[in-house]
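Q: Supplied structure: run-v7.cif, mmCIF, N, CA and C atoms.
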```cif
data_run
#
loop_
_atom_site.label_atom_id
_atom_site.label_comp_id
_atom_site.auth_asym_id
_atom_site.auth_seq_id
_atom_site.Cartn_x
_atom_site.Cartn_y
_atom_site.Cartn_z
N MET R 1 41.99 13.23 -47.26
CA MET R 1 41.90 12.76 -45.90
C MET R 1 40.48 12.28 -45.62
N GLU R 2 40.42 11.08 -45.03
CA GLU R 2 39.13 10.48 -44.71
C GLU R 2 38.69 10.88 -43.31
N LEU R 3 37.36 11.06 -43.17
CA LEU R 3 36.81 11.33 -41.84
C LEU R 3 36.52 10.01 -41.15
N VAL R 4 37.01 9.85 -39.96
CA VAL R 4 36.77 8.62 -39.20
C VAL R 4 35.76 8.96 -38.11
N MET R 5 34.63 8.26 -38.17
CA MET R 5 33.57 8.50 -37.18
C MET R 5 33.81 7.60 -35.97
N PRO R 6 33.32 8.05 -34.81
CA PRO R 6 33.47 7.19 -33.63
C PRO R 6 32.56 5.97 -33.74
N VAL R 7 33.07 4.84 -33.31
CA VAL R 7 32.33 3.58 -33.39
C VAL R 7 32.30 2.96 -32.00
N PRO R 8 31.14 2.40 -31.57
CA PRO R 8 31.08 1.77 -30.26
C PRO R 8 32.04 0.60 -30.16
N LYS R 9 32.66 0.47 -29.00
CA LYS R 9 33.64 -0.58 -28.82
C LYS R 9 32.97 -1.95 -28.72
N ARG R 10 31.79 -2.00 -28.03
CA ARG R 10 31.08 -3.26 -27.85
C ARG R 10 29.62 -3.10 -28.23
N LYS R 11 29.04 -4.25 -28.57
CA LYS R 11 27.62 -4.23 -28.91
C LYS R 11 26.80 -4.00 -27.64
N ARG R 12 25.81 -3.14 -27.74
CA ARG R 12 24.93 -2.89 -26.59
C ARG R 12 23.94 -4.05 -26.49
N SER R 13 23.86 -4.67 -25.31
CA SER R 13 23.00 -5.85 -25.14
C SER R 13 21.52 -5.48 -25.23
N ARG R 14 20.68 -6.48 -25.45
CA ARG R 14 19.24 -6.24 -25.57
C ARG R 14 18.67 -5.66 -24.29
N SER R 15 19.11 -6.18 -23.15
CA SER R 15 18.56 -5.70 -21.87
C SER R 15 18.94 -4.23 -21.64
N ARG R 16 20.18 -3.86 -21.95
CA ARG R 16 20.58 -2.47 -21.79
C ARG R 16 19.80 -1.56 -22.75
N ARG R 17 19.60 -2.04 -23.96
CA ARG R 17 18.86 -1.27 -24.96
C ARG R 17 17.40 -1.09 -24.51
N ASP R 18 16.79 -2.18 -24.02
CA ASP R 18 15.37 -2.15 -23.68
C ASP R 18 15.08 -1.39 -22.39
N LYS R 19 16.09 -1.20 -21.55
CA LYS R 19 15.89 -0.44 -20.31
C LYS R 19 15.47 1.00 -20.60
N ARG R 20 15.89 1.52 -21.72
CA ARG R 20 15.55 2.89 -22.07
C ARG R 20 14.05 3.06 -22.26
N PHE R 21 13.37 2.01 -22.73
CA PHE R 21 11.96 2.11 -23.04
C PHE R 21 11.06 1.47 -21.99
N ALA R 22 11.64 1.09 -20.85
CA ALA R 22 10.88 0.39 -19.82
C ALA R 22 9.74 1.24 -19.27
N ASN R 23 9.95 2.54 -19.15
CA ASN R 23 8.95 3.41 -18.52
C ASN R 23 8.08 4.13 -19.53
N LYS R 24 8.18 3.75 -20.77
CA LYS R 24 7.45 4.45 -21.81
C LYS R 24 5.93 4.31 -21.65
N GLY R 25 5.46 3.17 -21.16
CA GLY R 25 4.03 2.92 -21.04
C GLY R 25 3.38 3.50 -19.80
N LEU R 26 4.16 4.00 -18.84
CA LEU R 26 3.59 4.53 -17.61
C LEU R 26 2.88 5.85 -17.88
N LYS R 27 1.67 5.98 -17.34
CA LYS R 27 0.90 7.20 -17.51
C LYS R 27 0.33 7.61 -16.16
N VAL R 28 0.12 8.89 -15.99
CA VAL R 28 -0.48 9.40 -14.77
C VAL R 28 -1.97 9.08 -14.80
N LYS R 29 -2.47 8.46 -13.73
CA LYS R 29 -3.88 8.09 -13.68
C LYS R 29 -4.72 9.31 -13.35
N SER R 30 -5.83 9.43 -14.05
CA SER R 30 -6.72 10.55 -13.77
C SER R 30 -7.60 10.20 -12.57
N MET R 31 -7.85 11.18 -11.73
CA MET R 31 -8.63 10.98 -10.53
C MET R 31 -9.92 11.79 -10.63
N THR R 32 -10.94 11.32 -9.90
CA THR R 32 -12.22 12.01 -9.84
C THR R 32 -12.76 11.88 -8.43
N ASP R 33 -13.85 12.56 -8.15
CA ASP R 33 -14.49 12.49 -6.83
C ASP R 33 -15.72 11.61 -6.92
N CYS R 34 -15.99 10.87 -5.86
CA CYS R 34 -17.18 10.03 -5.77
C CYS R 34 -18.40 10.95 -5.78
N GLN R 35 -19.42 10.58 -6.55
CA GLN R 35 -20.64 11.39 -6.61
C GLN R 35 -21.42 11.33 -5.31
N ASN R 36 -21.24 10.23 -4.56
CA ASN R 36 -22.02 10.04 -3.35
C ASN R 36 -21.34 10.63 -2.11
N CYS R 37 -20.06 10.29 -1.89
CA CYS R 37 -19.39 10.71 -0.64
C CYS R 37 -18.24 11.68 -0.87
N LYS R 38 -17.95 12.04 -2.11
CA LYS R 38 -16.91 13.01 -2.47
C LYS R 38 -15.49 12.55 -2.14
N ALA R 39 -15.28 11.25 -1.97
CA ALA R 39 -13.94 10.71 -1.73
C ALA R 39 -13.19 10.62 -3.06
N PRO R 40 -11.88 10.88 -3.08
CA PRO R 40 -11.12 10.77 -4.33
C PRO R 40 -10.94 9.31 -4.73
N LEU R 41 -11.10 9.02 -6.04
CA LEU R 41 -10.91 7.67 -6.54
C LEU R 41 -10.58 7.71 -8.02
N PRO R 42 -9.93 6.67 -8.55
CA PRO R 42 -9.64 6.61 -9.99
C PRO R 42 -10.93 6.53 -10.79
N THR R 43 -10.88 7.01 -12.02
CA THR R 43 -12.08 7.01 -12.84
C THR R 43 -12.50 5.59 -13.18
N HIS R 44 -13.78 5.40 -13.41
CA HIS R 44 -14.39 4.14 -13.81
C HIS R 44 -14.17 3.02 -12.79
N GLN R 45 -14.16 3.36 -11.51
CA GLN R 45 -14.04 2.36 -10.45
C GLN R 45 -15.06 2.66 -9.37
N ALA R 46 -15.54 1.62 -8.71
CA ALA R 46 -16.49 1.79 -7.61
C ALA R 46 -15.75 2.37 -6.40
N CYS R 47 -16.45 3.18 -5.64
CA CYS R 47 -15.86 3.84 -4.47
C CYS R 47 -15.69 2.83 -3.33
N PRO R 48 -14.48 2.65 -2.81
CA PRO R 48 -14.29 1.70 -1.71
C PRO R 48 -14.86 2.22 -0.39
N GLU R 49 -15.08 3.54 -0.28
CA GLU R 49 -15.58 4.12 0.96
C GLU R 49 -17.07 3.86 1.15
N CYS R 50 -17.86 4.08 0.07
CA CYS R 50 -19.32 3.97 0.22
C CYS R 50 -19.92 2.85 -0.62
N GLY R 51 -19.18 2.29 -1.60
CA GLY R 51 -19.67 1.18 -2.39
C GLY R 51 -20.55 1.57 -3.56
N PHE R 52 -20.55 2.85 -3.95
CA PHE R 52 -21.38 3.31 -5.06
C PHE R 52 -20.56 3.45 -6.34
N TYR R 53 -21.23 3.21 -7.49
CA TYR R 53 -20.65 3.45 -8.81
C TYR R 53 -21.74 4.04 -9.69
N LYS R 54 -21.51 5.23 -10.17
CA LYS R 54 -22.48 5.97 -10.99
C LYS R 54 -23.85 6.06 -10.31
N GLY R 55 -23.85 6.34 -9.01
CA GLY R 55 -25.10 6.55 -8.28
C GLY R 55 -25.84 5.29 -7.87
N VAL R 56 -25.25 4.11 -8.10
CA VAL R 56 -25.91 2.85 -7.75
C VAL R 56 -25.03 2.10 -6.75
N LYS R 57 -25.66 1.57 -5.69
CA LYS R 57 -24.92 0.79 -4.69
C LYS R 57 -24.50 -0.53 -5.32
N VAL R 58 -23.18 -0.76 -5.43
CA VAL R 58 -22.67 -1.94 -6.13
C VAL R 58 -22.28 -3.05 -5.16
N PHE R 59 -21.66 -2.69 -4.04
CA PHE R 59 -21.26 -3.70 -3.07
C PHE R 59 -21.37 -3.14 -1.65
N ALA R 60 -21.44 -4.04 -0.69
CA ALA R 60 -21.54 -3.65 0.72
C ALA R 60 -20.16 -3.35 1.26
N THR R 61 -20.03 -2.23 1.94
CA THR R 61 -18.75 -1.85 2.53
C THR R 61 -18.58 -2.52 3.89
N LYS R 62 -17.43 -2.35 4.48
CA LYS R 62 -17.14 -2.95 5.77
C LYS R 62 -18.09 -2.40 6.84
N ALA R 63 -18.37 -1.10 6.78
CA ALA R 63 -19.28 -0.49 7.75
C ALA R 63 -20.70 -1.05 7.58
N ASP R 64 -21.13 -1.24 6.34
CA ASP R 64 -22.46 -1.80 6.09
C ASP R 64 -22.57 -3.20 6.68
N ARG R 65 -21.53 -4.00 6.49
CA ARG R 65 -21.55 -5.36 7.01
C ARG R 65 -21.59 -5.37 8.54
N ALA R 66 -20.88 -4.43 9.17
CA ALA R 66 -20.86 -4.35 10.62
C ALA R 66 -22.25 -3.98 11.17
N VAL R 67 -22.92 -3.05 10.50
CA VAL R 67 -24.27 -2.65 10.93
C VAL R 67 -25.23 -3.82 10.79
N LYS R 68 -25.16 -4.51 9.67
CA LYS R 68 -26.04 -5.65 9.42
C LYS R 68 -25.79 -6.76 10.45
N ARG R 69 -24.52 -7.00 10.75
CA ARG R 69 -24.17 -8.03 11.73
C ARG R 69 -24.73 -7.67 13.10
N GLY R 70 -24.66 -6.39 13.48
CA GLY R 70 -25.20 -5.95 14.76
C GLY R 70 -26.70 -6.13 14.83
N GLN R 71 -27.40 -5.82 13.73
CA GLN R 71 -28.85 -6.00 13.70
C GLN R 71 -29.22 -7.47 13.80
N GLU R 72 -28.48 -8.34 13.14
CA GLU R 72 -28.75 -9.77 13.21
C GLU R 72 -28.54 -10.29 14.63
N ARG R 73 -27.52 -9.81 15.30
CA ARG R 73 -27.26 -10.24 16.68
C ARG R 73 -28.37 -9.79 17.61
N GLN R 74 -28.87 -8.57 17.41
CA GLN R 74 -29.97 -8.08 18.25
C GLN R 74 -31.23 -8.91 18.01
N ALA R 75 -31.49 -9.23 16.75
CA ALA R 75 -32.67 -10.03 16.42
C ALA R 75 -32.57 -11.41 17.04
N ARG R 76 -31.39 -12.02 16.99
CA ARG R 76 -31.19 -13.35 17.59
C ARG R 76 -31.38 -13.30 19.10
N ALA R 77 -30.85 -12.22 19.72
CA ALA R 77 -30.96 -12.09 21.17
C ALA R 77 -32.42 -11.89 21.57
N LYS R 78 -33.18 -11.12 20.80
CA LYS R 78 -34.60 -10.92 21.10
C LYS R 78 -35.35 -12.24 20.96
N LYS R 79 -35.01 -12.99 19.93
CA LYS R 79 -35.69 -14.25 19.66
C LYS R 79 -35.46 -15.23 20.81
N LYS R 80 -34.26 -15.24 21.33
CA LYS R 80 -33.95 -16.15 22.44
C LYS R 80 -34.50 -15.62 23.76
N GLY R 81 -34.84 -14.33 23.79
CA GLY R 81 -35.35 -13.75 25.04
C GLY R 81 -34.23 -13.39 25.99
N MET R 82 -33.04 -13.35 25.48
CA MET R 82 -31.90 -13.01 26.33
C MET R 82 -31.82 -11.50 26.49
N ARG R 83 -31.18 -11.11 27.56
CA ARG R 83 -30.97 -9.70 27.79
C ARG R 83 -29.83 -9.20 26.92
N GLN R 84 -29.96 -8.01 26.42
CA GLN R 84 -28.92 -7.42 25.58
C GLN R 84 -27.69 -7.13 26.44
N PRO R 85 -26.50 -7.39 25.92
CA PRO R 85 -25.30 -7.01 26.66
C PRO R 85 -25.21 -5.48 26.69
N GLU R 86 -24.99 -4.97 27.87
CA GLU R 86 -24.95 -3.52 28.02
C GLU R 86 -23.62 -2.97 27.53
N VAL R 87 -23.72 -1.91 26.81
CA VAL R 87 -22.53 -1.23 26.32
C VAL R 87 -22.09 -0.26 27.40
N PRO R 88 -20.85 -0.36 27.87
CA PRO R 88 -20.42 0.54 28.94
C PRO R 88 -20.45 1.99 28.47
N GLN R 89 -21.08 2.83 29.27
CA GLN R 89 -21.17 4.25 28.96
C GLN R 89 -19.89 4.94 29.43
N GLN R 90 -19.43 5.86 28.63
CA GLN R 90 -18.25 6.61 29.04
C GLN R 90 -18.69 7.67 30.04
N GLU R 91 -17.92 7.77 31.10
CA GLU R 91 -18.27 8.74 32.13
C GLU R 91 -17.94 10.14 31.63
N GLN R 92 -18.92 11.01 31.76
CA GLN R 92 -18.71 12.40 31.36
C GLN R 92 -18.08 13.14 32.53
N PRO R 93 -17.02 13.90 32.30
CA PRO R 93 -16.44 14.67 33.40
C PRO R 93 -17.41 15.78 33.82
N GLN R 94 -17.65 15.87 35.12
CA GLN R 94 -18.57 16.89 35.61
C GLN R 94 -17.88 18.24 35.57
N GLU R 95 -18.64 19.21 35.13
CA GLU R 95 -18.07 20.55 35.03
C GLU R 95 -18.06 21.18 36.41
N VAL R 96 -16.94 21.77 36.75
CA VAL R 96 -16.80 22.44 38.03
C VAL R 96 -16.98 23.92 37.79
N THR R 97 -17.99 24.47 38.42
CA THR R 97 -18.21 25.91 38.26
C THR R 97 -17.55 26.64 39.41
N PRO R 98 -16.78 27.66 39.10
CA PRO R 98 -16.12 28.38 40.18
C PRO R 98 -17.14 29.20 40.98
N GLU R 99 -16.92 29.24 42.28
CA GLU R 99 -17.84 30.01 43.13
C GLU R 99 -17.54 31.50 42.92
N PRO R 100 -18.59 32.30 42.91
CA PRO R 100 -18.36 33.74 42.71
C PRO R 100 -17.63 34.32 43.91
N GLU R 101 -16.69 35.18 43.61
CA GLU R 101 -15.92 35.80 44.69
C GLU R 101 -16.74 36.88 45.36
N THR R 102 -16.69 36.91 46.68
CA THR R 102 -17.41 37.95 47.43
C THR R 102 -16.43 38.93 48.03
N LYS R 103 -16.78 40.20 47.99
CA LYS R 103 -15.88 41.23 48.55
C LYS R 103 -16.11 41.31 50.04
N LYS R 104 -15.04 41.48 50.80
CA LYS R 104 -15.13 41.54 52.24
C LYS R 104 -15.10 42.96 52.71
#
```
As structure tokens - that is how I would like this structure written.
A:
Amino acid sequence: MELVMPVPKRKRSRSRRDKRFANKGLKVKSMTDCQNCKAPLPTHQACPECGFYKGVKVFATKADRAVKRGQERQARAKKKGMRQPEVPQQEQPQEVTPEPETKK
């Protein structure tokens, strides 16, 4: 008596075969903390929060550009002799102190 092994009915297509190995190359990225601001970031990348890489300032961040833009505007306004636009102050709520109770 011969042993009959099971045989696939149809050929498995290349796309079906290759789907098994599609995720083989995915790896978990290692994370580290920025030396300057302690923000989490992937290794070997400049910090987007502070712009430092290995202790050296590599690029200007959005906050840096805003500060520089404000200084340039103040310098231009001084040069023209114009008055600085006043920044509205937020009103502080006044504290209400309760009056001490007197016994009658």
Q: For region 17-34 of chain R, I'd like the enclosing box, axis-aligned and padded by 5 Å on every side, reported as AutoDock Vina command-line options with centre and edge lengths in Å to one decimal.
A:
```
--center_x 0.6 --center_y 5.2 --center_z -15.4 --size_x 48.0 --size_y 24.7 --size_z 29.2
```
Q: Residue by residue, what does the PyMOL selection byres ((chain R and resi 36) around 8) grab here? Present the result as a list of chain:residue names.
A: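 Expected selection for the PyMOL selection byres ((chain R and resi 36) around 8) here is R:Asp33, R:Cys34, R:Gln35, R:Cys37, R:Lys38, R:Ala39, R:Cys50, R:Phe52, R:Tyr53, R:Lys54, R:Gly55.
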Q: Mind telling me what the PyMOL selection byres (((chain R and resi 59 and name CA) around 12) and name CA) catches here, as an MDAnalysis selection string?
A: chainID R and resid 45:53 56:58 60:65
Q: What is the CA of Val28 (chain R)-CA of His44 (chain R) distance in Å, reported with one decimal?
A: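 Atom-to-atom, CA of Val28 (chain R) to CA of His44 (chain R), that is 14.9 Å.
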